[in-house]
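**Q** One file: query26.pdb (PDB, C-alpha atoms).
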```pdb
ATOM      1  CA  MET A  26      -3.116   0.143  -0.569
ATOM      2  CA  ALA A  27       0.367   0.737   0.700
ATOM      3  CA  ALA A  28       1.039   0.605   4.403
ATOM      4  CA  GLY A  29       0.534   3.945   6.076
ATOM      5  CA  GLN A  30      -1.327   5.412   3.096
ATOM      6  CA  GLU A  31      -3.943   7.970   4.069
ATOM      7  CA  PHE A  32      -7.126   9.199   2.463
ATOM      8  CA  TRP A  33      -8.933  12.325   3.501
ATOM      9  CA  LEU A  34     -12.685  12.599   3.058
ATOM     10  CA  VAL A  35     -13.740  16.228   2.993
ATOM     11  CA  ALA A  36     -17.369  17.297   2.983
ATOM     12  CA  THR A  37     -18.207  20.804   1.849
ATOM     13  CA  GLY A  38     -21.462  22.616   1.433
ATOM     14  CA  CYS A  39     -21.951  24.213  -1.951
ATOM     15  CA  ALA A  40     -24.996  25.742  -3.513
ATOM     16  CA  GLY A  41     -26.018  25.052  -7.086
ATOM     17  CA  ALA A  42     -23.422  25.357  -9.836
ATOM     18  CA  ASP A  43     -20.574  26.088  -7.406
ATOM     19  CA  LYS A  44     -20.258  22.341  -6.681
ATOM     20  CA  ASP A  45     -18.430  21.738  -9.953
ATOM     21  CA  GLY A  46     -16.411  24.939  -9.557
ATOM     22  CA  LEU A  47     -15.153  23.905  -6.124
ATOM     23  CA  TYR A  48     -14.233  20.434  -7.411
ATOM     24  CA  GLN A  49     -12.302  21.951 -10.336
ATOM     25  CA  ARG A  50     -10.424  24.357  -8.028
ATOM     26  CA  LEU A  51      -9.468  21.538  -5.654
ATOM     27  CA  ASN A  52      -8.506  19.215  -8.501
ATOM     28  CA  SER A  53      -6.172  21.812 -10.007
ATOM     29  CA  HIS A  54      -4.561  22.881  -6.696
ATOM     30  CA  PRO A  55      -0.772  22.159  -6.839
ATOM     31  CA  SER A  56      -0.541  20.638  -3.341
ATOM     32  CA  LEU A  57      -3.213  18.052  -4.212
ATOM     33  CA  GLN A  58      -1.574  16.826  -7.406
ATOM     34  CA  LYS A  59      -0.186  13.327  -7.725
ATOM     35  CA  PRO A  60       3.624  13.386  -7.470
ATOM     36  CA  ARG A  61       5.555  11.690 -10.284
ATOM     37  CA  GLY A  62       6.384   8.075  -9.562
ATOM     38  CA  ALA A  63       4.086   8.039  -6.558
ATOM     39  CA  GLY A  64       1.097   5.833  -5.954
ATOM     40  CA  ALA A  65      -2.415   7.182  -5.911
ATOM     41  CA  GLY A  66      -3.125  10.827  -5.449
ATOM     42  CA  GLY A  67      -5.551  13.490  -6.438
ATOM     43  CA  VAL A  68      -9.125  14.491  -5.770
ATOM     44  CA  TRP A  69     -12.265  12.439  -6.387
ATOM     45  CA  GLN A  70     -15.792  13.715  -6.242
ATOM     46  CA  LEU A  71     -18.260  11.549  -4.321
ATOM     47  CA  GLN A  72     -21.871  11.996  -5.330
ATOM     48  CA  VAL A  73     -24.107  12.320  -2.252
ATOM     49  CA  PRO A  74     -27.890  12.752  -2.507
ATOM     50  CA  ASP A  75     -29.105  16.336  -2.496
ATOM     51  CA  GLY A  76     -32.500  18.018  -2.285
ATOM     52  CA  GLU A  77     -35.423  15.706  -1.504
ATOM     53  CA  ARG A  78     -33.088  12.687  -1.389
ATOM     54  CA  SER A  79     -30.628  14.398   0.991
ATOM     55  CA  LEU A  80     -29.466  12.841   4.220
ATOM     56  CA  MET A  81     -31.939  13.185   7.071
ATOM     57  CA  PHE A  82     -30.946  13.217  10.726
ATOM     58  CA  GLY A  83     -34.073  14.339  12.560
ATOM     59  CA  SER A  84     -33.538  16.905  15.291
ATOM     60  CA  PHE A  85     -30.423  18.940  16.016
ATOM     61  CA  ASP A  86     -29.955  17.070  19.313
ATOM     62  CA  ASN A  87     -30.004  13.793  17.382
ATOM     63  CA  LEU A  88     -27.331  15.147  15.015
ATOM     64  CA  ILE A  89     -25.078  16.130  17.938
ATOM     65  CA  ARG A  90     -25.525  12.673  19.529
ATOM     66  CA  LEU A  91     -24.700  10.944  16.231
ATOM     67  CA  THR A  92     -21.613  13.135  15.777
ATOM     68  CA  ASP A  93     -20.344  12.194  19.250
ATOM     69  CA  GLU A  94     -20.917   8.486  18.576
ATOM     70  CA  LEU A  95     -19.174   8.749  15.217
ATOM     71  CA  GLN A  96     -16.081  10.321  16.791
ATOM     72  CA  LYS A  97     -15.868   7.576  19.408
ATOM     73  CA  ASN A  98     -16.411   4.741  16.925
ATOM     74  CA  ASP A  99     -14.081   6.258  14.330
ATOM     75  CA  SER A 100     -11.089   6.274  16.657
ATOM     76  CA  GLN A 101     -11.790   2.706  17.821
ATOM     77  CA  VAL A 102     -12.165   1.332  14.292
ATOM     78  CA  ASP A 103      -9.094   3.265  13.106
ATOM     79  CA  SER A 104      -6.879   1.793  15.837
ATOM     80  CA  ILE A 105      -8.159  -1.758  15.215
ATOM     81  CA  VAL A 106      -7.652  -1.546  11.437
ATOM     82  CA  HIS A 107      -4.138  -0.103  11.791
ATOM     83  CA  ARG A 108      -3.188  -2.806  14.315
ATOM     84  CA  LEU A 109      -4.447  -5.532  11.970
ATOM     85  CA  GLU A 110      -2.623  -3.930   9.034
ATOM     86  CA  ARG A 111       0.694  -3.853  10.941
ATOM     87  CA  GLN A 112       0.333  -7.460  12.064
ATOM     88  CA  TRP A 113      -0.546  -8.661   8.588
ATOM     89  CA  LEU A 114       2.399  -6.791   7.062
ATOM     90  CA  GLU A 115       4.747  -8.384   9.616
ATOM     91  CA  ILE A 116       3.587 -11.822   8.450
ATOM     92  CA  ASP A 117       3.605 -11.068   4.700
ATOM     93  CA  PRO A 118       5.220  -7.776   3.548
ATOM     94  CA  LYS A 119       3.860  -8.252  -0.002
ATOM     95  CA  VAL A 120       0.226  -8.532   1.065
ATOM     96  CA  GLN A 121      -2.404  -6.636  -0.945
ATOM     97  CA  PHE A 122      -5.451  -5.379   0.902
ATOM     98  CA  LYS A 123      -8.765  -5.856  -0.927
ATOM     99  CA  VAL A 124     -12.304  -4.619  -0.342
ATOM    100  CA  ARG A 125     -15.148  -7.021  -0.982
ATOM    101  CA  SER A 126     -18.365  -5.196  -1.778
ATOM    102  CA  GLN A 127     -21.436  -6.403  -3.666
ATOM    103  CA  ARG A 128     -19.737  -9.660  -4.688
ATOM    104  CA  GLN A 129     -16.780  -7.802  -6.208
ATOM    105  CA  GLU A 130     -13.247  -7.708  -4.868
ATOM    106  CA  ARG A 131     -11.253  -4.567  -5.605
ATOM    107  CA  THR A 132      -8.179  -2.849  -4.297
ATOM    108  CA  PHE A 133      -8.839  -0.158  -1.733
ATOM    109  CA  GLN A 134      -7.783   2.494  -4.260
ATOM    110  CA  GLU A 135     -10.282   1.240  -6.863
ATOM    111  CA  TYR A 136     -13.023   1.033  -4.255
ATOM    112  CA  ILE A 137     -12.497   4.635  -3.117
ATOM    113  CA  GLU A 138     -12.323   5.971  -6.705
ATOM    114  CA  THR A 139     -15.535   4.225  -7.823
ATOM    115  CA  TRP A 140     -17.628   4.443  -4.651
ATOM    116  CA  GLN A 141     -21.235   5.552  -5.168
ATOM    117  CA  TRP A 142     -23.983   6.342  -2.711
ATOM    118  CA  ASP A 143     -26.488   3.486  -2.501
TER     119      ASP A 143
END
```
Can the structure from this file be put into structure tokens for me?
**A**
Amino acid sequence: MAAGQEFWLVATGCAGADKDGLYQRLNSHPSLQKPRGAGAGGVWQLQVPDGERSLMFGSFDNLIRLTDELQKNDSQVDSIVHRLERQWLEIDPKVQFKVRSQRQERTFQEYIETWQWD
């Protein structure tokens, strides 16, 4: 992952067959295409459980509380990770960031592209 590279995770609600249609429309949108000579780009579809296996949150009040906690924790983690990234790049500009998951070490790009819900 290059320094300063960003990834956007977008969650949308789609019913039935429109899931694939929305993915195809996003994937073919000109502003989301990978520029020539650039690093990673594009749209990836993350499979999240649906139906009986869908995510459960309990009550609406619980969902609101979890959303507030997520916002607070997200900004804290983001600032810590960016600070560590800057410091590491100052020490070694050629450093490659890796993700270790399930006894495998992959680049951040590979991890994001192949991520599956467990």
**Q** Would you mind reading off the distance between atom CA of A:Trp140 and atom CA of A:Leu71, one decimal, in Å?
**A**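 Spanning atom CA of A:Trp140 to atom CA of A:Leu71 is a straight-line distance of 7.1 Å.
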**Q** Grab the atom CA of A:Val73 to atom CA of A:Leu47 distance for me, in Å with one decimal place.
**A** 15.1 Å
**Q** Using atom CA of A:Gln141 and atom CA of A:Gln72 as the two end points, give the distance in Å to one decimal.
**A**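 A separation of 6.5 Å between them.
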**Q** Skip A:Lys123 itself and residues of its chain fewer than 4 positions away, then list as a ChimeraX atom specification all residues within 9 Å of it, counting all atoms listed in the file.
**A** /A:26,130-133,136
**Q** I need the residues from that last selection saved to file as a compact mmCIF listing (two decimals), in the coordinates of the input (with C-alpha atoms), if you can.
**A**
```txt
# COMPACT_ATOMS: atom_id res chain seq x y z
CA MET A 26 -3.12 0.14 -0.57
CA GLU A 130 -13.25 -7.71 -4.87
CA ARG A 131 -11.25 -4.57 -5.60
CA THR A 132 -8.18 -2.85 -4.30
CA PHE A 133 -8.84 -0.16 -1.73
CA TYR A 136 -13.02 1.03 -4.26
```
